[in-house]
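Text of model.cif, listed as mmCIF, C-alpha atoms:
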data_protein
#
loop_
_atom_site.label_atom_id
_atom_site.label_comp_id
_atom_site.auth_asym_id
_atom_site.auth_seq_id
_atom_site.Cartn_x
_atom_site.Cartn_y
_atom_site.Cartn_z
CA MET V 991 21.33 15.85 25.09
CA ARG V 992 19.54 17.86 27.76
CA GLU V 993 19.08 16.11 31.12
CA ALA V 994 15.40 17.07 31.25
CA SER V 995 12.69 17.94 28.75
CA ASP V 996 9.08 18.90 29.21
CA TYR V 997 7.99 16.61 26.38
CA VAL V 998 9.85 13.47 25.35
CA LEU V 999 8.61 11.64 22.27
CA ILE V 1000 10.01 8.14 21.76
CA GLY V 1001 9.94 7.02 18.14
CA GLY V 1002 11.37 8.86 15.16
CA GLY V 1003 8.44 8.46 12.82
CA LEU V 1004 5.32 10.25 11.65
CA ALA V 1005 3.41 10.07 14.95
CA SER V 1006 6.20 11.77 16.90
CA ALA V 1007 6.71 14.39 14.20
CA ALA V 1008 2.98 15.20 14.14
CA ALA V 1009 2.86 15.30 17.94
CA ALA V 1010 5.85 17.62 18.14
CA GLN V 1011 4.29 20.04 15.68
CA ALA V 1012 0.95 19.96 17.51
CA ILE V 1013 2.68 20.61 20.84
CA ARG V 1014 4.77 23.47 19.50
CA THR V 1015 1.69 25.14 17.97
CA ARG V 1016 0.02 25.17 21.39
CA ASP V 1017 3.05 25.44 23.65
CA PRO V 1018 5.66 27.71 22.08
CA GLU V 1019 8.09 27.76 25.00
CA ARG V 1020 8.58 24.39 26.66
CA SER V 1021 11.18 21.90 25.51
CA ILE V 1022 10.53 18.97 23.15
CA VAL V 1023 12.83 16.03 22.38
CA ILE V 1024 12.24 13.32 19.75
CA VAL V 1025 14.28 10.14 20.20
CA GLY V 1026 14.42 7.98 17.08
CA GLU V 1027 16.26 4.72 16.50
CA GLU V 1028 16.58 5.20 12.73
CA ILE V 1029 19.35 7.35 11.27
CA HIS V 1030 16.93 9.38 9.14
CA PRO V 1031 14.66 12.20 10.30
CA PRO V 1032 10.93 11.39 10.28
CA TYR V 1033 9.72 10.41 6.81
CA GLU V 1034 6.69 9.11 4.92
CA ARG V 1035 6.51 5.33 4.61
CA PRO V 1036 3.78 4.89 1.93
CA PRO V 1037 5.96 5.97 -1.04
CA LEU V 1038 8.61 3.40 -0.13
CA SER V 1039 6.58 0.57 -1.69
CA LYS V 1040 5.23 2.69 -4.54
CA ASP V 1041 6.83 5.78 -6.10
CA TYR V 1042 10.25 5.18 -4.57
CA LEU V 1043 10.55 1.76 -6.22
CA LEU V 1044 9.13 2.93 -9.53
CA SER V 1045 11.27 6.01 -10.13
CA ASP V 1046 15.04 6.29 -10.09
CA GLU V 1047 14.55 10.04 -9.65
CA TRP V 1048 12.67 9.66 -6.35
CA THR V 1049 15.31 10.58 -3.77
CA SER V 1050 15.32 9.57 -0.12
CA GLU V 1051 15.14 13.23 0.89
CA LYS V 1052 11.81 13.54 -0.92
CA ALA V 1053 10.31 11.20 1.69
CA PHE V 1054 11.32 13.42 4.61
CA LEU V 1055 8.31 14.95 6.34
CA LYS V 1056 9.91 18.31 7.01
CA PRO V 1057 12.47 20.47 5.18
CA ASP V 1058 15.99 21.02 6.44
CA GLY V 1059 16.04 23.27 9.45
CA PHE V 1060 12.42 22.71 10.48
CA TYR V 1061 13.16 21.04 13.80
CA ALA V 1062 15.87 23.53 14.74
CA ASP V 1063 13.62 26.45 13.77
CA LYS V 1064 10.84 25.07 15.97
CA ARG V 1065 13.31 24.32 18.79
CA ILE V 1066 12.51 20.61 18.63
CA GLU V 1067 15.54 18.55 19.59
CA LEU V 1068 15.78 15.62 17.16
CA ARG V 1069 18.01 12.73 18.16
CA THR V 1070 18.33 10.17 15.35
CA GLY V 1071 20.14 6.85 15.63
CA VAL V 1072 19.38 6.74 19.36
CA LYS V 1073 17.37 4.03 21.10
CA ALA V 1074 15.37 4.36 24.30
CA THR V 1075 16.23 1.29 26.38
CA ALA V 1076 14.19 1.73 29.55
CA ILE V 1077 11.65 3.95 31.29
CA ASP V 1078 11.70 4.65 35.01
CA ARG V 1079 8.13 5.77 35.62
CA VAL V 1080 8.73 6.71 39.26
CA ALA V 1081 11.62 9.02 38.41
CA ARG V 1082 10.01 9.94 35.07
CA THR V 1083 13.26 9.20 33.30
CA VAL V 1084 14.10 7.59 29.95
CA MET V 1085 17.38 5.72 29.57
CA LEU V 1086 19.11 5.76 26.18
CA ASN V 1087 21.61 3.44 24.55
CA THR V 1088 24.10 6.31 24.53
CA GLY V 1089 24.23 6.15 28.32
CA ASP V 1090 22.28 9.41 28.60
CA ARG V 1091 19.19 9.82 30.75
CA VAL V 1092 16.46 12.36 30.14
CA ARG V 1093 13.75 13.31 32.59
CA TYR V 1094 10.28 14.05 31.22
CA GLU V 1095 7.14 15.76 32.36
CA LYS V 1096 5.07 14.16 29.61
CA LEU V 1097 6.06 11.15 27.53
CA LEU V 1098 4.74 9.86 24.20
CA LEU V 1099 5.37 6.30 23.09
CA ALA V 1100 5.26 6.08 19.29
CA THR V 1101 7.66 3.22 18.72
CA GLY V 1102 5.80 1.75 15.75
CA ALA V 1103 6.45 -1.72 14.43
CA ARG V 1104 9.10 -3.77 12.67
CA ALA V 1105 8.75 -6.11 9.72
CA ARG V 1106 7.95 -9.71 10.53
CA ARG V 1107 10.56 -12.02 9.03
CA LEU V 1108 10.03 -15.49 7.66
CA ASN V 1109 11.76 -18.24 9.60
CA GLY V 1110 13.33 -20.71 7.26
CA GLN V 1111 16.41 -21.80 5.40
CA GLY V 1112 18.08 -19.07 3.38
CA ARG V 1113 16.32 -16.11 4.97
CA ASP V 1114 19.63 -14.24 5.24
CA LEU V 1115 20.67 -14.71 1.61
CA ALA V 1116 21.46 -11.62 -0.45
CA GLY V 1117 18.35 -10.86 -2.46
CA VAL V 1118 15.87 -11.59 0.36
CA PHE V 1119 14.31 -8.39 1.69
CA VAL V 1120 11.73 -6.97 4.02
CA LEU V 1121 10.39 -3.46 3.47
CA ARG V 1122 9.72 -1.27 6.46
CA THR V 1123 12.32 1.48 6.65
CA LEU V 1124 13.87 3.96 4.27
CA SER V 1125 17.11 2.00 4.46
CA ASP V 1126 15.17 -1.13 3.45
CA ALA V 1127 13.73 0.73 0.46
CA GLU V 1128 17.13 2.05 -0.62
CA ALA V 1129 18.58 -1.47 -0.65
CA LEU V 1130 15.51 -2.96 -2.33
CA ARG V 1131 15.50 -0.42 -5.15
CA ARG V 1132 19.15 -1.13 -5.90
CA ALA V 1133 18.30 -4.83 -6.13
CA ILE V 1134 15.23 -4.25 -8.31
CA LEU V 1135 17.37 -2.46 -10.88
CA GLN V 1136 19.35 -5.71 -11.34
CA SER V 1137 16.51 -8.20 -10.94
CA LYS V 1138 14.93 -10.42 -13.59
CA ARG V 1139 12.63 -12.63 -11.47
CA ALA V 1140 11.00 -11.69 -8.18
CA VAL V 1141 8.85 -13.48 -5.61
CA MET V 1142 6.55 -11.68 -3.18
CA VAL V 1143 5.97 -13.62 0.03
CA GLY V 1144 2.50 -12.48 1.04
CA ALA V 1145 -0.37 -10.83 -0.84
CA GLY V 1146 -1.11 -8.07 1.65
CA TYR V 1147 -0.37 -4.37 1.22
CA ILE V 1148 3.41 -4.67 0.90
CA GLY V 1149 3.38 -7.77 -1.31
CA MET V 1150 0.81 -6.37 -3.72
CA GLU V 1151 2.37 -2.91 -3.92
CA VAL V 1152 5.89 -4.21 -4.49
CA ALA V 1153 4.57 -6.76 -7.01
CA SER V 1154 3.02 -3.89 -8.93
CA ALA V 1155 6.30 -1.96 -8.91
CA CYS V 1156 8.33 -4.99 -10.00
CA ALA V 1157 5.96 -5.89 -12.82
CA GLN V 1158 6.02 -2.29 -14.07
CA ARG V 1159 9.81 -2.52 -14.05
CA GLY V 1160 9.56 -5.50 -16.40
CA ILE V 1161 10.47 -8.11 -13.76
CA GLU V 1162 8.87 -11.57 -13.95
CA THR V 1163 6.87 -11.52 -10.70
CA THR V 1164 5.21 -14.24 -8.64
CA VAL V 1165 3.09 -13.71 -5.52
CA VAL V 1166 2.87 -16.54 -2.99
CA ASP V 1167 0.28 -16.47 -0.21
CA ARG V 1168 -1.18 -19.12 2.05
CA ASN V 1169 -4.66 -17.64 1.69
CA ASN V 1170 -6.94 -18.06 -1.31
CA ARG V 1171 -7.02 -14.45 -2.44
CA PRO V 1172 -5.05 -11.20 -2.27
CA TRP V 1173 -5.78 -8.83 0.60
CA SER V 1174 -7.44 -11.72 2.41
CA GLY V 1175 -7.52 -9.77 5.68
CA PHE V 1176 -10.39 -7.64 4.41
CA ALA V 1177 -11.15 -8.33 0.74
CA SER V 1178 -14.25 -10.32 -0.17
CA PRO V 1179 -13.99 -13.09 -2.78
CA ALA V 1180 -15.25 -10.57 -5.35
CA LEU V 1181 -12.64 -7.93 -4.51
CA GLY V 1182 -9.86 -10.48 -4.15
CA GLY V 1183 -10.82 -12.04 -7.47
CA PHE V 1184 -10.81 -8.65 -9.16
CA LEU V 1185 -7.30 -7.92 -7.88
CA ARG V 1186 -5.96 -11.29 -8.96
CA GLU V 1187 -7.37 -10.93 -12.47
CA TYR V 1188 -6.11 -7.36 -12.73
CA TYR V 1189 -2.59 -8.47 -11.84
CA GLU V 1190 -2.62 -11.59 -13.98
CA ALA V 1191 -3.61 -9.48 -16.98
CA ARG V 1192 -0.38 -7.55 -16.37
CA GLY V 1193 1.82 -10.61 -16.18
CA VAL V 1194 1.90 -11.33 -12.43
CA ARG V 1195 1.59 -14.99 -11.42
CA PHE V 1196 -0.12 -16.10 -8.19
CA LEU V 1197 0.49 -19.18 -6.09
CA LEU V 1198 -2.33 -19.06 -3.56
CA GLY V 1199 -3.04 -21.57 -0.83
CA ASP V 1200 0.69 -22.21 -0.62
CA GLU V 1201 3.59 -21.00 1.52
CA VAL V 1202 7.26 -20.32 0.97
CA ALA V 1203 9.36 -23.03 2.61
CA THR V 1204 12.97 -22.11 1.79
CA PHE V 1205 15.13 -19.59 0.00
CA VAL V 1206 17.77 -21.33 -2.09
CA GLY V 1207 21.15 -20.04 -3.18
CA ASP V 1208 24.87 -19.92 -2.53
CA GLY V 1209 25.23 -16.52 -0.92
CA GLN V 1210 22.79 -15.00 -3.43
CA LEU V 1211 19.14 -15.98 -3.83
CA ALA V 1212 18.60 -18.24 -6.85
CA ALA V 1213 15.20 -19.80 -6.16
CA VAL V 1214 12.31 -20.08 -3.73
CA THR V 1215 10.63 -23.36 -2.81
CA THR V 1216 7.11 -23.73 -1.46
CA LYS V 1217 5.53 -26.22 0.90
CA SER V 1218 3.60 -27.77 -1.97
CA GLY V 1219 6.86 -28.55 -3.78
CA GLU V 1220 7.00 -25.69 -6.28
CA LYS V 1221 10.40 -24.26 -7.11
CA ILE V 1222 10.44 -20.72 -8.46
CA GLU V 1223 13.60 -19.27 -9.95
CA ALA V 1224 14.17 -15.84 -8.44
CA ASP V 1225 16.99 -13.42 -7.75
CA LEU V 1226 14.79 -11.22 -5.54
CA ALA V 1227 12.28 -12.01 -2.79
CA VAL V 1228 10.33 -9.57 -0.65
CA VAL V 1229 8.76 -10.85 2.56
CA GLY V 1230 5.55 -8.99 3.38
CA ILE V 1231 3.83 -11.05 6.06
CA GLY V 1232 2.92 -8.35 8.54
CA ALA V 1233 4.62 -6.52 11.35
CA ILE V 1234 5.56 -6.96 15.00
CA LEU V 1235 4.56 -4.13 17.33
CA ASN V 1236 7.46 -2.53 19.20
CA THR V 1237 5.87 -2.76 22.63
CA GLU V 1238 8.83 -4.12 24.58
CA LEU V 1239 9.71 -0.76 26.11
CA ALA V 1240 6.17 -0.20 27.35
CA ARG V 1241 5.81 -3.72 28.68
CA GLU V 1242 9.09 -3.56 30.59
CA ALA V 1243 7.96 -0.24 32.07
CA GLY V 1244 4.93 -2.00 33.53
CA LEU V 1245 2.30 -0.45 31.27
CA GLU V 1246 -0.71 -2.51 30.22
CA VAL V 1247 0.07 -4.13 26.87
CA ASP V 1248 -2.18 -6.38 24.82
CA GLU V 1249 -0.09 -9.06 23.06
CA ARG V 1250 -1.85 -8.52 19.75
CA HIS V 1251 -2.97 -4.91 19.82
CA GLY V 1252 -0.35 -2.94 21.74
CA VAL V 1253 -0.29 -0.38 24.54
CA LYS V 1254 -3.70 0.15 26.08
CA VAL V 1255 -4.86 3.78 26.04
CA ASN V 1256 -8.18 5.55 26.47
CA ALA V 1257 -10.01 7.78 24.00
CA PHE V 1258 -7.50 10.53 24.87
CA LEU V 1259 -4.60 8.22 23.92
CA GLN V 1260 -3.45 8.22 27.54
CA THR V 1261 -2.17 5.16 29.35
CA ALA V 1262 -3.00 4.30 32.96
CA ASP V 1263 0.08 6.37 33.84
CA PRO V 1264 -1.13 10.01 33.65
CA HIS V 1265 2.26 11.15 32.34
CA ILE V 1266 2.43 8.74 29.38
CA TRP V 1267 0.53 8.63 26.08
CA ALA V 1268 0.81 6.32 23.06
CA ALA V 1269 0.08 6.92 19.37
CA GLY V 1270 0.41 5.21 16.01
CA ASP V 1271 0.81 1.50 15.37
CA ILE V 1272 1.25 0.53 19.03
CA ALA V 1273 -1.78 2.37 20.45
CA PHE V 1274 -4.56 -0.02 21.53
CA PHE V 1275 -7.18 2.70 21.66
CA GLU V 1276 -10.87 3.29 22.27
CA ASP V 1277 -12.27 3.99 18.81
CA LEU V 1278 -15.27 6.27 19.33
CA ALA V 1279 -16.15 6.34 15.63
CA LEU V 1280 -16.33 2.56 15.24
CA ASP V 1281 -17.23 1.67 18.83
CA ARG V 1282 -14.40 -0.81 19.34
CA GLN V 1283 -10.97 -1.10 20.93
CA TRP V 1284 -8.19 -1.97 18.48
CA HIS V 1285 -4.97 -0.74 16.92
CA VAL V 1286 -4.37 0.55 13.41
CA GLU V 1287 -1.15 0.14 11.45
CA HIS V 1288 -1.22 2.78 8.74
CA PHE V 1289 0.14 6.18 7.76
CA MET V 1290 -3.04 8.18 8.32
CA ASN V 1291 -3.60 6.75 11.78
CA ALA V 1292 -0.03 7.62 12.81
CA GLU V 1293 -0.42 11.18 11.58
CA TRP V 1294 -3.85 11.71 13.08
CA GLN V 1295 -3.07 10.11 16.43
CA GLY V 1296 0.26 11.88 16.68
CA ASP V 1297 -1.43 15.21 16.09
CA ALA V 1298 -4.20 14.39 18.58
CA ALA V 1299 -1.79 13.14 21.24
CA GLY V 1300 0.38 16.24 20.90
CA ALA V 1301 -2.62 18.51 21.27
CA ILE V 1302 -3.87 16.58 24.31
CA MET V 1303 -0.42 16.57 25.94
CA ALA V 1304 -0.30 20.35 25.44
CA GLY V 1305 -3.57 20.82 27.27
CA GLU V 1306 -6.48 20.19 24.92
CA ARG V 1307 -9.18 17.83 26.16
CA LYS V 1308 -10.58 16.48 22.91
CA PRO V 1309 -10.79 12.70 22.42
CA TYR V 1310 -9.42 11.02 19.32
CA ASN V 1311 -12.32 10.40 16.95
CA LYS V 1312 -11.33 9.48 13.41
CA VAL V 1313 -12.67 6.84 11.04
CA ALA V 1314 -9.72 4.65 10.09
CA TYR V 1315 -8.34 5.36 6.62
CA PHE V 1316 -6.12 3.08 4.52
CA PHE V 1317 -4.98 3.66 0.94
CA SER V 1318 -2.96 1.99 -1.78
CA ASP V 1319 -1.84 2.45 -5.40
CA LEU V 1320 -1.58 -0.61 -7.65
CA PHE V 1321 -0.58 -0.23 -11.31
CA ASP V 1322 -3.02 2.44 -12.57
CA ILE V 1323 -5.73 1.94 -9.95
CA HIS V 1324 -6.11 3.61 -6.58
CA MET V 1325 -7.79 2.30 -3.44
CA CYS V 1326 -9.04 3.72 -0.18
CA LEU V 1327 -10.61 1.89 2.72
CA ARG V 1328 -12.59 3.51 5.50
CA GLY V 1329 -13.63 1.71 8.65
CA ALA V 1330 -12.32 -1.48 10.19
CA PRO V 1331 -10.78 -4.07 7.86
CA SER V 1332 -12.65 -7.37 8.14
CA ALA V 1333 -15.54 -5.68 9.97
CA GLY V 1334 -19.00 -6.68 8.82
CA THR V 1335 -20.30 -10.06 7.73
CA GLN V 1336 -21.74 -9.37 4.29
CA THR V 1337 -20.68 -7.29 1.30
CA VAL V 1338 -22.30 -5.38 -1.55
CA VAL V 1339 -20.53 -4.11 -4.66
CA LEU V 1340 -21.80 -0.93 -6.32
CA GLY V 1341 -20.49 0.40 -9.63
CA ASP V 1342 -18.38 -1.14 -12.36
CA LEU V 1343 -16.14 -3.85 -10.88
CA PRO V 1344 -14.58 -5.04 -14.18
CA GLY V 1345 -13.91 -1.41 -15.11
CA ALA V 1346 -12.19 -0.67 -11.76
CA GLU V 1347 -14.69 2.03 -10.74
CA PHE V 1348 -16.59 0.66 -7.79
CA VAL V 1349 -17.10 0.52 -4.05
CA GLU V 1350 -17.46 -2.56 -1.89
CA LEU V 1351 -19.50 -2.06 1.26
CA SER V 1352 -19.30 -4.41 4.22
CA HIS V 1353 -22.17 -4.44 6.69
CA ASP V 1354 -23.35 -6.22 9.80
CA HIS V 1355 -26.45 -8.39 10.20
CA ALA V 1356 -28.58 -5.29 10.66
CA GLY V 1357 -27.34 -3.85 7.38
CA ARG V 1358 -25.28 -1.09 8.97
CA LEU V 1359 -22.13 -0.06 7.12
CA GLN V 1360 -18.94 -1.13 8.88
CA MET V 1361 -16.29 -0.79 6.16
CA GLY V 1362 -16.08 0.58 2.65
CA VAL V 1363 -13.47 0.05 -0.04
CA ALA V 1364 -13.35 2.33 -3.08
CA ILE V 1365 -11.42 1.48 -6.25
CA THR V 1366 -10.91 4.05 -9.02
CA ARG V 1367 -8.59 4.81 -11.92
CA ASP V 1368 -8.87 8.54 -11.23
CA PRO V 1369 -6.72 9.58 -8.23
CA SER V 1370 -8.62 12.88 -7.93
CA ARG V 1371 -11.75 10.92 -6.99
CA LEU V 1372 -10.17 9.10 -4.08
CA ASP V 1373 -10.50 11.80 -1.41
CA PRO V 1374 -14.16 12.55 -2.23
CA LEU V 1375 -14.96 8.84 -2.12
CA ALA V 1376 -13.13 8.53 1.21
CA ASP V 1377 -15.15 11.44 2.62
CA ILE V 1378 -18.44 9.89 1.48
CA LEU V 1379 -17.54 6.58 3.08
CA GLU V 1380 -16.58 8.29 6.33
CA GLY V 1381 -19.88 10.10 6.53
CA LEU V 1382 -21.88 6.96 5.85
CA ILE V 1383 -19.96 4.97 8.46
CA ARG V 1384 -20.53 7.65 11.09
CA GLU V 1385 -24.24 7.64 10.23
CA ARG V 1386 -24.34 3.83 10.53
CA ALA V 1387 -25.97 3.95 7.09
CA ASN V 1388 -28.09 1.05 5.91
CA VAL V 1389 -26.23 -0.46 2.96
CA GLN V 1390 -29.39 -1.78 1.34
CA ALA V 1391 -30.63 1.79 0.98
CA LEU V 1392 -27.51 2.91 -0.91
CA SER V 1393 -26.95 2.93 -4.65
CA ALA V 1394 -24.04 3.69 -6.97
CA ALA V 1395 -25.41 7.21 -7.33
CA ALA V 1396 -24.45 7.92 -3.70
CA PHE V 1397 -20.83 7.61 -4.82
CA ASP V 1398 -21.26 9.25 -8.24
CA LEU V 1399 -20.49 5.92 -9.93
#
Could you write out this structure as structure tokens?
Amino acid sequence: MREASDYVLIGGGLASAAAAQAIRTRDPERSIVIVGEEIHPPYERPPLSKDYLLSDEWTSEKAFLKPDGFYADKRIELRTGVKATAIDRVARTVMLNTGDRVRYEKLLLATGARARRLNGQGRDLAGVFVLRTLSDAEALRRAILQSKRAVMVGAGYIGMEVASACAQRGIETTVVDRNNRPWSGFASPALGGFLREYYEARGVRFLLGDEVATFVGDGQLAAVTTKSGEKIEADLAVVGIGAILNTELAREAGLEVDERHGVKVNAFLQTADPHIWAAGDIAFFEDLALDRQWHVEHFMNAEWQGDAAGAIMAGERKPYNKVAYFFSDLFDIHMCLRGAPSAGTQTVVLGDLPGAEFVELSHDHAGRLQMGVAITRDPSRLDPLADILEGLIRERANVQALSAAAFDL
């Protein structure tokens, strides 16, 4: 590896890949290095809990963001399977676990997050999985092909998406969550109730208001017990209880890090150190669109912030200004969310909730739209619905003045 690079991007995921491309578009000559801990080149994470688990034909290579030769053609040095262990901000040097050091002019931190694991007896049994990386997905799919009974620990994005995949594979599936409804982080009782009924009609069982206590088995998972005393026979369990931000490198380098939200940056994704930026899951950023400071853990945010950070590092002076976008696919329905999950204090549903063609709008005490969730059976409608929601959120639209016709419902 070169001893110095103009741009060093730490993190081998989507944010770094987007940043590298944005830099190269604007700066065709100077050197770029991506340092990634995973063995794979940058790839898309969303399919790992959806298409990848549903189709035996969905290869790992299909998840890769760029075709073979892209990084070499663009003169972007890609180092996979390499971990950055320390940053010397005075010397502007990154230390790697290979023993190499690389000096930078501009540094991007895009270290992402890792799956949160459940502490408890049996967590290391064969058959107990988390799902975060492509390697996780490869192992999980192999197990799904042999599974008869599965338990999802958590009813968030990962738990609900993997439950959908397992049920469609004919696996007897149970979802356990300590909260009283799926997607409890942002779903109203109406939306959570809709999801539960939709899943139950397709054979999925829910144990809500309960928690997994232990994983039981002799080397291989055989059952899961809950704190209420339930025992569920299972040969597969997937723990989807959130993620832990990979902020250790930034913290040890002396950058300002919020324990919950990550590395503090301004609207230009720049830290207090003028040579260091952050993007993706770990960026605790000034959100100009929603007028708040927070972090966002999702594919679109990583792509958008990576692209914005790369452009800014290459000389543009345009602040990051996107309305957060989340999406999911569950059985034959498709969801998008715009805005801040859990924002707003009251909700309104417009459209046909039982028919899975509706939007749920969350607003503040003044009636201003803070978050919108759209559910549809038609995937071609998702992007138009997302665009409508974005526009209304930027306008601070009054929810009481909206009708289903605004969304063509």
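The two atoms in question, atom CA of V:Ala1129 and atom CA of V:Lys1056, are spaced 22.9 Å apart.
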Item to check | Nearest to V:Asp1078 by atom-to-atom distance, counting only C-alpha atoms, from V:Leu1245, V:Leu1379, V:Ala1273, V:Ala1395 | outcome: V:Leu1245
Taking only residues of stretch 993-1046 of chain V that have an atom at most 9 Å from an atom of stretch 1300-1305 of chain V, what is each one's shortest atom pair and its distance in Å to one decimal, using only C-alpha atoms, in chain and number order, as a Markdown table?
| residue | atom | partner | partner_atom | distance |
| --- | --- | --- | --- | --- |
| V:Tyr997 | CA | V:Met1303 | CA | 8.4 |
| V:Ser1006 | CA | V:Gly1300 | CA | 8.4 |
| V:Ala1008 | CA | V:Gly1300 | CA | 7.3 |
| V:Ala1009 | CA | V:Gly1300 | CA | 4.0 |
| V:Ala1010 | CA | V:Gly1300 | CA | 6.3 |
| V:Gln1011 | CA | V:Gly1300 | CA | 7.5 |
| V:Ala1012 | CA | V:Gly1300 | CA | 5.1 |
| V:Ile1013 | CA | V:Gly1300 | CA | 4.9 |
| V:Arg1014 | CA | V:Ala1304 | CA | 8.4 |
| V:Thr1015 | CA | V:Ala1301 | CA | 8.6 |
| V:Arg1016 | CA | V:Ala1304 | CA | 6.3 |
| V:Asp1017 | CA | V:Ala1304 | CA | 6.4 |
Checklist entry - Evaluating the PyMOL selection byres ((chain V and resi 1237) around 7) on the displayed file yields which residues, as a PyMOL selection string? => result chain V and resi 1235-1236+1238-1241+1252-1253+1272
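Evaluated against the shown file, the PyMOL selection byres ((chain V and resi 1277) around 9) gives V:Asn1256, V:Ala1257, V:Phe1275, V:Glu1276, V:Leu1278, V:Ala1279, V:Leu1280, V:Asp1281, V:Arg1282, V:Gln1283, V:Trp1284, V:His1285, V:Tyr1310, V:Asn1311, V:Lys1312, V:Val1313.
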Hey, what comes out of the PyMOL selection byres ((chain V and resi 1025) around 9) on this file? Could you write it as a short mmCIF file (atom, residue, chain, number, x, y, z; two decimals) with C-alpha atoms, in the frame of the given file?
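File produced: part32.cif:
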data_model
loop_
_atom_site.label_atom_id
_atom_site.label_comp_id
_atom_site.auth_asym_id
_atom_site.auth_seq_id
_atom_site.Cartn_x
_atom_site.Cartn_y
_atom_site.Cartn_z
CA VAL V 998 9.85 13.47 25.35
CA LEU V 999 8.61 11.64 22.27
CA ILE V 1000 10.01 8.14 21.76
CA GLY V 1001 9.94 7.02 18.14
CA GLY V 1002 11.37 8.86 15.16
CA SER V 1006 6.20 11.77 16.90
CA VAL V 1023 12.83 16.03 22.38
CA ILE V 1024 12.24 13.32 19.75
CA GLY V 1026 14.42 7.98 17.08
CA GLU V 1027 16.26 4.72 16.50
CA GLU V 1067 15.54 18.55 19.59
CA LEU V 1068 15.78 15.62 17.16
CA ARG V 1069 18.01 12.73 18.16
CA THR V 1070 18.33 10.17 15.35
CA GLY V 1071 20.14 6.85 15.63
CA VAL V 1072 19.38 6.74 19.36
CA LYS V 1073 17.37 4.03 21.10
CA ALA V 1074 15.37 4.36 24.30
CA LEU V 1086 19.11 5.76 26.18
#
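Neighbours of V:Asp1225 closer than or equal to 6 Å, with all atoms listed in the file counted and sequence neighbours fewer than 2 positions away skipped, come out as Arg1139, Leu1211 and Ala1212 of chain V.
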Item to check | For V:Gly1144: contacts at 12 Å, only C-alpha atoms, fewer than 5 positions along chain excluded, given as a ChimeraX atom specification | outcome: /V:1106-1108,1120,1149-1153,1164-1175,1196-1202,1227-1232
Item to check | Between atom CA of V:Leu1327 and atom CA of V:Ala1233 - distance in Å to one decimal | outcome: 19.4 Å
Item to check | Closest of V:Pro1374, V:Leu1181, V:Arg1384, V:Ile1066 to V:Ala1346 - atom-to-atom distances counting all atoms listed in the file | outcome: V:Leu1181
Next on the checklist: One number please: atom CA of V:Leu1044 to atom CA of V:Phe1316, in Å, one decimal.
Outcome noted: 20.7 Å
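The shortest atom-to-atom distance to V:Ala1053, with only C-alpha atoms taken into account, belongs to V:Asp1041 out of V:Asp1041, V:Glu1223, V:Asp1322, V:Asp1354.
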Item to check | Counting only C-alpha atoms, the residue of V:Thr1088, V:Ser1154, V:Gln1260, V:Thr1049 that sits nearest V:Ala1191 | outcome: V:Ser1154
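Residues in contact with V:Ala1140 at up to 6 Å, not including ones fewer than 5 positions away on its chain and judged by all atoms listed in the file, are Thr1163, Ala1224, Leu1226 and Ala1227 of chain V.
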